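For reference, model28.cif is printed below; it contains mmCIF, C-alpha atoms and all ligand atoms.
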data_model
#
loop_
_atom_site.label_atom_id
_atom_site.label_comp_id
_atom_site.auth_asym_id
_atom_site.auth_seq_id
_atom_site.Cartn_x
_atom_site.Cartn_y
_atom_site.Cartn_z
CA MET A 1 147.22 165.68 152.46
CA GLY A 2 146.74 166.95 148.91
CA ARG A 3 143.65 166.72 146.74
CA THR A 4 145.28 164.09 144.56
CA GLU A 5 144.44 161.32 147.02
CA ASN A 6 140.73 161.73 146.37
CA ARG A 7 140.90 161.03 142.65
CA THR A 8 140.92 157.70 140.89
CA ALA A 9 143.00 157.03 137.82
CA GLU A 10 139.86 155.87 136.03
CA ASN A 11 138.02 159.20 136.49
CA LEU A 12 141.00 161.23 135.46
CA GLY A 13 141.60 159.06 132.39
CA ARG A 14 138.05 159.79 131.22
CA ASP A 15 138.32 163.55 131.85
CA VAL A 16 141.63 164.02 130.10
CA GLN A 17 140.65 161.72 127.24
CA ALA A 18 137.52 163.79 126.63
CA GLN A 19 139.56 166.99 126.52
CA THR A 20 142.47 165.74 124.45
CA SER A 21 140.30 164.00 121.84
CA ALA A 22 140.25 167.46 120.23
CA LEU A 23 143.87 166.78 119.28
CA ALA A 24 143.05 163.79 117.09
CA GLY A 25 144.48 164.41 113.61
CA ALA A 26 146.38 167.54 114.70
CA GLU A 27 149.89 168.48 113.62
CA VAL A 28 151.86 169.47 116.70
CA VAL A 29 155.34 170.91 117.28
CA VAL A 30 157.05 170.39 120.65
CA THR A 31 160.17 172.46 121.31
CA GLY A 32 162.35 170.89 124.00
CA GLY A 33 160.54 167.63 123.25
CA ALA A 34 163.58 165.45 124.00
CA GLY A 35 163.71 166.82 127.55
CA PHE A 36 162.08 165.62 130.74
CA ILE A 37 158.56 167.10 130.50
CA GLY A 38 158.63 167.48 126.70
CA SER A 39 159.21 163.77 126.08
CA HIS A 40 156.26 162.82 128.30
CA LEU A 41 154.18 165.32 126.37
CA VAL A 42 155.20 163.70 123.09
CA ASP A 43 154.09 160.30 124.42
CA ALA A 44 150.78 161.79 125.57
CA LEU A 45 150.23 163.46 122.17
CA LEU A 46 150.74 160.18 120.34
CA ALA A 47 148.26 158.54 122.72
CA ALA A 48 145.81 161.36 121.88
CA ASP A 49 145.88 160.32 118.19
CA VAL A 50 147.63 163.33 116.73
CA ALA A 51 148.61 163.05 113.08
CA LYS A 52 152.17 164.37 113.49
CA VAL A 53 154.55 165.39 116.30
CA ARG A 54 157.58 167.40 115.27
CA VAL A 55 160.15 167.63 118.05
CA VAL A 56 162.69 170.46 117.95
CA ASP A 57 165.54 170.10 120.43
CA ASN A 58 169.25 170.87 120.29
CA LEU A 59 169.90 168.02 122.77
CA VAL A 60 171.94 170.26 125.06
CA ASN A 61 170.05 168.66 127.98
CA GLY A 62 167.53 166.46 126.19
CA ARG A 63 168.18 162.86 125.21
CA VAL A 64 167.17 160.84 122.16
CA GLU A 65 166.69 157.95 124.61
CA ASN A 66 163.74 159.85 126.17
CA LEU A 67 162.02 159.57 122.79
CA ALA A 68 162.94 155.92 122.22
CA SER A 69 159.38 154.62 121.97
CA ALA A 70 158.00 157.80 120.36
CA LEU A 71 160.53 157.62 117.52
CA GLU A 72 159.40 154.11 116.68
CA ASP A 73 156.09 155.71 115.71
CA PRO A 74 156.24 157.10 112.13
CA ARG A 75 154.17 160.10 113.26
CA THR A 76 157.15 161.42 115.27
CA ASP A 77 160.17 163.18 113.89
CA LEU A 78 163.05 164.87 115.66
CA THR A 79 164.89 167.90 114.29
CA VAL A 80 168.09 168.62 116.17
CA ALA A 81 168.21 172.42 116.04
CA ASP A 82 168.53 175.46 118.24
CA ILE A 83 165.22 177.32 118.61
CA ARG A 84 167.11 180.53 117.81
CA ASP A 85 167.97 179.14 114.36
CA LEU A 86 164.78 180.36 112.70
CA ALA A 87 165.90 179.30 109.24
CA ALA A 88 165.79 175.71 110.51
CA VAL A 89 162.79 176.03 112.81
CA SER A 90 160.29 178.23 110.91
CA PRO A 91 159.51 175.66 108.19
CA LEU A 92 158.66 173.14 110.92
CA LEU A 93 155.99 175.48 112.28
CA ARG A 94 154.25 175.85 108.92
CA GLY A 95 150.77 174.36 109.08
CA ALA A 96 151.06 173.40 112.74
CA ASP A 97 147.79 173.28 114.65
CA VAL A 98 149.55 173.55 118.01
CA VAL A 99 153.04 174.56 119.12
CA LEU A 100 154.01 173.55 122.66
CA HIS A 101 157.09 175.58 123.57
CA LEU A 102 159.21 174.01 126.31
CA ALA A 103 162.81 174.45 125.10
CA CYS A 104 164.78 176.31 127.73
CA LEU A 105 167.87 176.38 129.92
CA GLY A 106 167.32 175.83 133.63
CA VAL A 107 167.59 177.67 136.92
CA ARG A 108 171.07 176.45 137.95
CA HIS A 109 172.37 177.17 134.45
CA SER A 110 171.24 180.77 134.93
CA LEU A 111 173.45 181.08 138.02
CA HIS A 112 176.64 180.42 136.07
CA ASP A 113 175.64 181.63 132.57
CA PRO A 114 172.90 184.27 132.87
CA VAL A 115 173.46 185.77 129.40
CA GLU A 116 173.06 182.48 127.50
CA ASN A 117 170.13 181.57 129.74
CA HIS A 118 168.30 184.77 128.87
CA SER A 119 169.21 184.43 125.21
CA VAL A 120 167.48 181.04 124.92
CA ASN A 121 164.58 181.54 127.34
CA ALA A 122 163.63 185.12 126.46
CA ASP A 123 165.08 186.03 123.05
CA GLY A 124 164.60 182.48 121.78
CA THR A 125 160.94 182.64 122.77
CA LEU A 126 160.46 186.01 121.08
CA GLY A 127 161.93 184.70 117.82
CA LEU A 128 159.72 181.63 117.97
CA LEU A 129 156.61 183.73 118.59
CA GLN A 130 157.39 185.85 115.54
CA ALA A 131 157.90 182.71 113.48
CA ALA A 132 154.63 181.22 114.80
CA LEU A 133 152.82 184.38 113.75
CA ALA A 134 154.36 184.37 110.27
CA GLU A 135 153.62 180.66 109.84
CA ARG A 136 150.04 181.10 111.13
CA VAL A 137 150.13 178.38 113.77
CA GLY A 138 146.74 177.53 115.24
CA ARG A 139 147.75 177.77 118.90
CA PHE A 140 150.95 178.58 120.78
CA VAL A 141 151.23 177.10 124.26
CA HIS A 142 154.04 178.84 126.09
CA VAL A 143 155.37 176.81 129.00
CA SER A 144 156.56 179.27 131.63
CA SER A 145 157.32 178.43 135.29
CA SER A 146 156.23 179.16 138.87
CA GLU A 147 159.76 180.61 139.24
CA VAL A 148 158.40 183.85 137.71
CA PHE A 149 156.71 184.52 141.07
CA GLY A 150 159.84 184.37 143.20
CA THR A 151 159.10 183.26 146.75
CA ALA A 152 155.46 183.23 147.91
CA GLN A 153 154.32 186.51 149.43
CA THR A 154 150.87 185.02 150.11
CA VAL A 155 149.66 181.44 149.73
CA PRO A 156 148.17 179.79 147.85
CA MET A 157 149.49 181.66 144.81
CA ASP A 158 147.04 182.51 142.07
CA GLU A 159 147.93 184.03 138.70
CA ARG A 160 147.71 187.56 140.12
CA HIS A 161 150.37 186.91 142.76
CA PRO A 162 153.19 189.46 142.20
CA THR A 163 155.94 188.34 139.84
CA TRP A 164 159.23 189.04 141.57
CA PRO A 165 161.70 186.43 140.26
CA GLU A 166 164.82 185.69 142.30
CA THR A 167 167.00 184.36 139.46
CA VAL A 168 167.82 185.28 135.87
CA TYR A 169 166.05 182.03 134.97
CA GLY A 170 162.84 183.32 136.58
CA ALA A 171 163.39 186.71 134.95
CA SER A 172 163.95 185.18 131.51
CA LYS A 173 160.86 182.99 131.86
CA LEU A 174 158.87 186.10 132.84
CA ALA A 175 160.18 187.95 129.79
CA GLY A 176 159.23 184.98 127.60
CA GLU A 177 155.70 184.79 128.94
CA ALA A 178 155.26 188.58 128.69
CA CYS A 179 156.25 188.39 125.01
CA ALA A 180 153.81 185.51 124.53
CA ARG A 181 150.94 187.53 126.07
CA ALA A 182 151.95 190.52 123.95
CA HIS A 183 151.69 188.39 120.82
CA PHE A 184 148.13 187.57 121.77
CA ARG A 185 147.15 191.14 122.63
CA THR A 186 149.03 192.98 119.88
CA TYR A 187 149.01 190.51 117.00
CA GLY A 188 146.15 188.16 117.85
CA LEU A 189 148.31 185.02 117.98
CA PRO A 190 146.24 182.41 119.87
CA VAL A 191 148.53 182.04 122.89
CA VAL A 192 148.09 180.15 126.17
CA VAL A 193 150.66 180.77 128.92
CA VAL A 194 151.07 177.99 131.47
CA ARG A 195 153.04 178.16 134.72
CA PRO A 196 153.85 174.63 135.90
CA PHE A 197 155.07 174.29 139.49
CA ASN A 198 157.95 171.90 140.30
CA THR A 199 157.59 168.71 138.31
CA TYR A 200 159.13 165.31 139.06
CA GLY A 201 159.01 161.80 137.65
CA PRO A 202 160.79 159.38 135.29
CA ARG A 203 163.41 161.00 132.99
CA SER A 204 163.98 163.88 135.44
CA HIS A 205 167.54 165.15 135.59
CA PHE A 206 170.03 164.17 138.27
CA GLU A 207 173.11 165.22 136.31
CA GLY A 208 175.09 168.44 135.89
CA ASP A 209 173.45 171.83 136.21
CA SER A 210 170.06 170.30 135.31
CA GLY A 211 170.12 168.05 138.43
CA GLU A 212 166.96 168.49 140.52
CA VAL A 213 166.70 167.80 144.25
CA ILE A 214 164.45 164.72 143.97
CA PRO A 215 166.51 162.69 141.46
CA ARG A 216 169.80 163.78 143.04
CA THR A 217 168.60 162.66 146.47
CA ILE A 218 167.34 159.33 145.13
CA VAL A 219 170.65 158.57 143.41
CA ARG A 220 172.62 159.52 146.52
CA ALA A 221 170.36 157.33 148.71
CA MET A 222 170.83 154.39 146.31
CA CYS A 223 174.57 154.80 146.98
CA SER A 224 173.90 154.98 150.77
CA LYS A 225 174.92 158.63 150.73
CA PRO A 226 173.06 161.24 152.78
CA ALA A 227 170.93 163.82 151.01
CA LEU A 228 172.74 167.10 150.44
CA VAL A 229 170.32 169.92 151.28
CA PHE A 230 171.18 173.50 150.46
CA GLY A 231 169.86 175.64 153.34
CA ASP A 232 167.88 174.45 156.34
CA GLY A 233 165.46 172.31 154.30
CA THR A 234 162.34 174.12 155.52
CA GLN A 235 161.83 175.62 152.06
CA THR A 236 158.74 174.13 150.40
CA ARG A 237 157.61 173.24 146.91
CA ASP A 238 154.37 172.22 145.21
CA PHE A 239 155.60 169.02 143.55
CA THR A 240 153.57 167.74 140.61
CA HIS A 241 154.02 164.40 138.86
CA VAL A 242 155.11 164.71 135.23
CA SER A 243 152.11 162.71 133.98
CA ASP A 244 149.85 165.29 135.63
CA THR A 245 151.87 168.20 134.23
CA ALA A 246 151.70 166.70 130.72
CA ALA A 247 147.96 166.02 131.03
CA GLY A 248 147.37 169.58 132.25
CA LEU A 249 149.34 171.06 129.34
CA LEU A 250 147.31 169.06 126.84
CA ALA A 251 144.04 169.98 128.52
CA LEU A 252 144.98 173.67 128.16
CA ALA A 253 146.19 173.22 124.58
CA THR A 254 142.69 172.09 123.60
CA CYS A 255 140.72 174.59 125.70
CA ASP A 256 139.45 177.52 123.59
CA GLU A 257 138.63 179.55 126.72
CA ALA A 258 142.31 179.35 127.77
CA VAL A 259 143.47 181.42 124.78
CA GLY A 260 144.85 184.72 126.07
CA GLU A 261 145.00 183.38 129.63
CA THR A 262 147.92 182.72 131.96
CA VAL A 263 147.26 179.59 133.99
CA ASN A 264 148.94 177.97 137.00
CA LEU A 265 149.46 174.21 136.92
CA GLY A 266 150.36 172.43 140.16
CA SER A 267 149.25 169.77 142.62
CA GLY A 268 148.05 171.92 145.53
CA SER A 269 150.24 169.99 148.00
CA GLU A 270 153.11 171.64 149.84
CA THR A 271 156.17 169.60 150.85
CA SER A 272 159.31 170.78 152.61
CA ILE A 273 162.70 169.60 151.35
CA ASN A 274 163.31 167.99 154.78
CA ASP A 275 160.08 165.95 154.48
CA LEU A 276 160.92 165.05 150.89
CA VAL A 277 164.34 163.76 151.95
CA GLU A 278 162.78 161.58 154.67
CA LEU A 279 160.23 160.20 152.20
CA ILE A 280 163.01 159.24 149.79
CA ARG A 281 165.07 157.74 152.62
CA ARG A 282 162.14 155.49 153.59
CA SER A 283 161.34 154.67 149.99
CA VAL A 284 164.90 153.64 149.05
CA GLY A 285 165.31 151.74 152.35
CA GLY A 286 168.61 150.36 153.63
CA ASP A 287 171.05 152.32 155.70
CA VAL A 288 170.94 155.89 154.40
CA PRO A 289 172.44 158.44 156.82
CA ALA A 290 170.50 161.59 157.81
CA ALA A 291 170.75 164.59 155.47
CA VAL A 292 173.68 166.96 155.58
CA HIS A 293 173.08 170.68 155.08
CA ALA A 294 175.20 173.14 153.12
CA GLU A 295 175.01 176.86 152.36
CA ASP A 296 171.81 178.09 150.66
CA ARG A 297 171.67 178.05 146.89
CA PRO A 298 171.52 181.68 145.72
CA GLY A 299 168.06 182.66 144.55
CA ASP A 300 166.44 179.54 146.07
CA VAL A 301 162.82 180.53 146.71
CA ARG A 302 161.47 179.79 150.20
CA ARG A 303 157.95 178.75 149.40
CA LEU A 304 155.69 177.81 146.46
CA LEU A 305 152.10 176.58 146.62
CA VAL A 306 149.65 176.75 143.76
CA ASP A 307 146.15 178.16 143.69
CA ASP A 308 144.80 176.33 140.65
CA THR A 309 141.24 177.65 140.74
CA LEU A 310 141.56 179.00 137.19
CA MET A 311 142.94 175.71 135.84
CA ARG A 312 140.04 173.80 137.36
CA LYS A 313 137.55 176.35 136.07
CA LEU A 314 138.88 176.16 132.50
CA THR A 315 139.38 172.40 132.32
CA SER A 316 138.09 169.45 134.31
CA PHE A 317 141.71 168.55 135.04
CA GLU A 318 142.75 167.46 138.52
CA PRO A 319 146.15 166.06 139.46
CA ARG A 320 146.09 162.31 139.91
CA VAL A 321 149.36 161.06 141.35
CA ALA A 322 149.80 161.22 145.13
CA PHE A 323 153.29 162.41 146.03
CA ALA A 324 154.33 159.31 148.02
CA ASP A 325 153.23 157.05 145.14
CA GLY A 326 155.10 159.16 142.61
CA ILE A 327 158.29 159.01 144.68
CA GLU A 328 158.03 155.25 145.03
CA GLU A 329 157.56 154.90 141.28
CA LEU A 330 160.57 157.14 140.62
CA VAL A 331 162.78 155.17 143.00
CA ALA A 332 161.79 152.01 141.10
CA TRP A 333 162.51 153.76 137.79
CA PHE A 334 166.02 154.74 138.90
CA ALA A 335 166.65 151.20 140.14
CA GLN A 336 165.99 149.93 136.60
CA ARG A 337 168.31 152.34 134.82
CA PRO A 338 171.13 150.78 132.78
CA GLU A 339 173.81 152.87 134.55
CA SER A 340 174.95 151.76 138.00
CA PRO A 341 174.00 154.06 140.92
CA GLU A 342 177.72 154.86 141.31
CA ALA A 343 177.97 155.90 137.65
CA MET A 344 174.96 158.22 138.12
CA LEU A 345 176.44 159.57 141.35
CA ALA A 346 179.58 160.54 139.44
CA MET A 347 177.41 162.67 137.10
CA ILE A 348 175.87 164.69 139.95
CA GLU A 349 177.32 168.10 140.62
CA ASP A 350 176.95 168.61 144.36
CA ARG A 351 177.39 172.33 144.62
CA ASN A 352 175.22 175.39 145.03
CA TRP A 353 176.66 177.03 141.89
CA THR A 354 178.14 180.05 143.66
CA ALA A 355 181.59 179.28 142.21
N1 LIG B 401 160.97 170.59 135.52
C1 LIG B 401 160.26 171.45 136.24
O1 LIG B 401 160.11 171.29 137.46
C2 LIG B 401 159.60 172.64 135.59
C3 LIG B 401 158.77 173.46 136.36
C4 LIG B 401 158.17 174.56 135.77
C5 LIG B 401 158.36 174.83 134.44
N2 LIG B 401 159.18 174.03 133.70
C6 LIG B 401 159.36 174.37 132.29
O2 LIG B 401 159.09 173.22 131.51
C7 LIG B 401 159.92 173.23 130.34
C8 LIG B 401 160.65 171.91 130.22
O3 LIG B 401 161.45 171.72 131.38
P1 LIG B 401 162.17 170.34 131.69
O4 LIG B 401 162.21 170.21 133.15
O5 LIG B 401 161.59 169.26 130.88
O6 LIG B 401 163.66 170.68 131.22
P2 LIG B 401 164.63 169.92 130.18
O7 LIG B 401 165.95 170.57 130.29
O8 LIG B 401 164.56 168.46 130.39
O9 LIG B 401 163.96 170.28 128.79
C9 LIG B 401 164.30 171.41 128.04
C10 LIG B 401 164.74 170.95 126.68
O10 LIG B 401 165.07 172.10 125.90
C11 LIG B 401 166.20 171.77 125.12
N3 LIG B 401 166.88 173.02 124.78
C12 LIG B 401 167.58 173.85 125.58
N4 LIG B 401 168.03 174.90 124.89
C13 LIG B 401 167.60 174.75 123.61
C14 LIG B 401 167.74 175.50 122.43
N5 LIG B 401 168.45 176.66 122.41
N6 LIG B 401 167.17 175.05 121.29
C15 LIG B 401 166.49 173.88 121.29
N7 LIG B 401 166.31 173.13 122.38
C16 LIG B 401 166.88 173.55 123.53
C17 LIG B 401 167.03 170.85 125.99
O11 LIG B 401 167.94 170.05 125.25
C18 LIG B 401 165.96 170.05 126.70
O12 LIG B 401 165.67 168.86 126.03
C19 LIG B 401 160.83 174.43 130.48
O13 LIG B 401 160.31 175.48 129.70
C20 LIG B 401 160.77 174.79 131.95
O14 LIG B 401 160.97 176.16 132.17
C21 LIG B 401 159.81 172.94 134.24
#
Written as structure tokens, that's how I'd like the structure from this file.
Amino acid sequence: MGRTENRTAENLGRDVQAQTSALAGAEVVVTGGAGFIGSHLVDALLAADVAKVRVVDNLVNGRVENLASALEDPRTDLTVADIRDLAAVSPLLRGADVVLHLACLGVRHSLHDPVENHSVNADGTLGLLQAALAERVGRFVHVSSSEVFGTAQTVPMDERHPTWPETVYGASKLAGEACARAHFRTYGLPVVVVRPFNTYGPRSHFEGDSGEVIPRTIVRAMCSKPALVFGDGTQTRDFTHVSDTAAGLLALATCDEAVGETVNLGSGSETSINDLVELIRRSVGGDVPAAVHAEDRPGDVRRLLVDDTLMRKLTSFEPRVAFADGIEELVAWFAQRPESPEAMLAMIEDRNWTA
């Protein structure tokens, strides 16, 4: 059982509210803000009384629909641009108190297009850091990933765990975060590097090369199809609900002591893919056949489990959502989507991206 079960929503609400009240009146830029985590962050920023949220996203994987309620708020605007287009992006950074940088291409994309993946995740980040420096932004929160570690060599994994990425995605995220740290050390840009572990929740991707195991398995189960597991399913992840990931990012964005630090952000609970599949099977109900297994996905890490001692030392943040509750909520969210389960199933790419 993870630590999340011991927390009440009420306590957490108070803690995070106290920390994020520092954002009231701030002008904030969110790159990748139309994506899964970014759009939740935008909602959380508006709730934290910021003065302005500028979203930069080229919509390659993000959706305007994720920002539906945020865009009804006059404090939000969306610029559809590539982060590498600095002529378009630099003016948006001018005067920003905080930049939260999430725009990126994902792990499966890196398997079939490593050059473009590196260009966005590494070179794109470097360009943005230079622009942030020139435009004198108040704080740059670089959202990296636990994928920089590669598979766990020891658990739990603190920030000093060796970084030995298995994929070009992990490598490009490591390059991006190294450039971010270098901008703090060399140029004094107030940078915070955050390494979220696997995040799930409403708006997560089931489709194309963005499709994650949890949403894909839920959609398949809704269609009475067995889960498709790449490998033996004993690989584990530290799954964190997106509301907790967003709250953790905001807590770090407002924490002066976090400047110059690299901080893990996870739930502290370890779940195997086999257990996850069973949980989803129970949660969806009906007559879902047992999982089928296929060849491993190349570069799939075996094990991830956070040591979040530093996060808890810097902020009073603790994850709130218990995994089983988060899965149940996500199943309900998928059941309410306008597309039929069969239409979503048709958008899933069930392959391990080797060919
Ligand atoms: N989802 C996870 O489990 C997880 C775990 C750890 C870290 N992260 C990190 O969190 C961040 C957000 O991930 P997510 O899961 O929300 O993914 P996502 O794909 O939903 O969001 C990324 C967004 O970036 C946009 N984007 C891609 N290339 C762009 C470009 N060149 N210019 C402008 N925008 C571009 C996409 O359209 C998308 O909206 C990423 O940096 C990712 O590395 C995610």
Point out the residue among A:Trp333, A:Trp164, A:Phe317, A:Phe149 with the least atom-to-atom distance to ligand LIG 401 (chain B), counting all atoms listed in the file.
-> A:Phe149
Could you give me, as a compact mmCIF listing (two decimals) with C-alpha atoms, in the coordinates of the input, the residues that sit within 12 Å of (157.7, 186.5, 128.3) in the file's coordinates, counting only C-alpha atoms?
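This is the output file selection.txt:
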# COMPACT_ATOMS: atom_id res chain seq x y z
CA HIS A 101 157.09 175.58 123.57
CA HIS A 118 168.30 184.77 128.87
CA VAL A 120 167.48 181.04 124.92
CA ASN A 121 164.58 181.54 127.34
CA ALA A 122 163.63 185.12 126.46
CA ASP A 123 165.08 186.03 123.05
CA GLY A 124 164.60 182.48 121.78
CA THR A 125 160.94 182.64 122.77
CA LEU A 126 160.46 186.01 121.08
CA GLY A 127 161.93 184.70 117.82
CA LEU A 128 159.72 181.63 117.97
CA LEU A 129 156.61 183.73 118.59
CA HIS A 142 154.04 178.84 126.09
CA VAL A 143 155.37 176.81 129.00
CA SER A 144 156.56 179.27 131.63
CA SER A 145 157.32 178.43 135.29
CA VAL A 148 158.40 183.85 137.71
CA THR A 163 155.94 188.34 139.84
CA TYR A 169 166.05 182.03 134.97
CA GLY A 170 162.84 183.32 136.58
CA ALA A 171 163.39 186.71 134.95
CA SER A 172 163.95 185.18 131.51
CA LYS A 173 160.86 182.99 131.86
CA LEU A 174 158.87 186.10 132.84
CA ALA A 175 160.18 187.95 129.79
CA GLY A 176 159.23 184.98 127.60
CA GLU A 177 155.70 184.79 128.94
CA ALA A 178 155.26 188.58 128.69
CA CYS A 179 156.25 188.39 125.01
CA ALA A 180 153.81 185.51 124.53
CA ARG A 181 150.94 187.53 126.07
CA ALA A 182 151.95 190.52 123.95
CA HIS A 183 151.69 188.39 120.82
CA PHE A 184 148.13 187.57 121.77
CA VAL A 191 148.53 182.04 122.89
CA VAL A 192 148.09 180.15 126.17
CA VAL A 193 150.66 180.77 128.92
CA VAL A 194 151.07 177.99 131.47
CA ARG A 195 153.04 178.16 134.72
CA THR A 262 147.92 182.72 131.96
Residue contacts of segment 70-84 of chain A (6 Å, only C-alpha atoms) excluding same-chain residues fewer than 4 positions away, as a list of chain:residue names =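 Residues meeting the cut-off are A:Lys52, A:Val53, A:Arg54, A:Val55, A:Val56, A:Asp57, A:Asn58, A:Gly124.
Minimum atom-to-atom distance to ligand LIG 401 (chain B), evaluated using all atoms listed in the file, belongs to A:Val242 out of A:Met222, A:Met347, A:Val242, A:Leu330.
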Atomic distance atom CA of Pro190 of chain A - atom CA of Phe140 of chain A, expressed in Å with one decimal = 6.1 Å
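The residue that comes closest to ligand LIG 401 (chain B), out of A:Ala152, A:Ala22, A:Ala103, A:Ala88 and on the basis of all atoms listed in the file, is A:Ala103.
Of the residues listed (A:Ser146, A:Ser340, A:Ser267, A:Ser210), A:Ser210 shows the shortest atom-to-atom separation from Trp353 of chain A; distances use all atoms listed in the file.
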For the atom pair atom CA of Val99 of chain A and atom O7 of ligand LIG 401 (chain B), what is the interatomic distance in Å to one decimal place?
-> 17.5 Å
Closest atom pairs, segment 222-255 of chain A residues within 8 Å of segment 197-209 of chain A, all atoms listed in the file, as a tab-separated table:
residue	atom	partner	partner_atom	distance
A:Arg237	CA	A:Asn198	CA	6.8
A:Asp238	CA	A:Asn198	CA	6.1
A:Phe239	CA	A:Asn198	CA	4.9
A:Thr240	CA	A:Thr199	CA	4.7
A:His241	CA	A:Tyr200	CA	5.2
A:Val242	CA	A:Gly201	CA	5.4
A:Ser243	CA	A:Gly201	CA	7.9
A:Thr245	CA	A:Thr199	CA	7.0
Leu45 of chain A environment, 8 Å, all atoms listed in the file, sequence neighbours closer than 4 positions dropped, as a VMD selection string | chain A and resid 23 41 49 to 50 53 250
Quick one: pull the distance between atom CA of Val29 of chain A and atom CA of Gly106 of chain A, Å, one decimal.
->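 Taking atom CA of Val29 of chain A and atom CA of Gly106 of chain A, their separation equals 20.9 Å.
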So which one's closest to ligand LIG 401 (chain B), A:Ser269, A:Ser69, A:Ser119, A:Ser110? Using all atoms listed in the file, please.
->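 Of the candidates, the smallest distance to ligand LIG 401 (chain B) is held by A:Ser119.
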Enclose the full set of atoms of segment 330-333 of chain A listed in the file within a box whose edges lie along x, y and z, apply 8 Å of padding to each of the six sides, and report centre and edge lengths in Å to one decimal as JSON.
{"center_x": 161.7, "center_y": 154.6, "center_z": 140.4, "size_x": 18.2, "size_y": 21.1, "size_z": 21.2}
Spatial neighbours of Gly268 of chain A, 12 Å, all atoms listed in the file, chain gap at least 3 places, as a ChimeraX atom specification = /A:1-5,155-158,196-198,236-241,264-265,271,304-309,311-312,318-323
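You can rank A:Ala134, A:Val64, A:Ile37, A:Val331 by their closest distance to ligand LIG 401 (chain B) using only C-alpha atoms and all ligand atoms, and at the top of that list sits A:Ile37.
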Residue contacts of Pro91 of chain A (10 Å, all atoms listed in the file) excluding same-chain residues fewer than 3 positions away, as a ChimeraX atom specification = /A:86-88,94-96,131-132,135
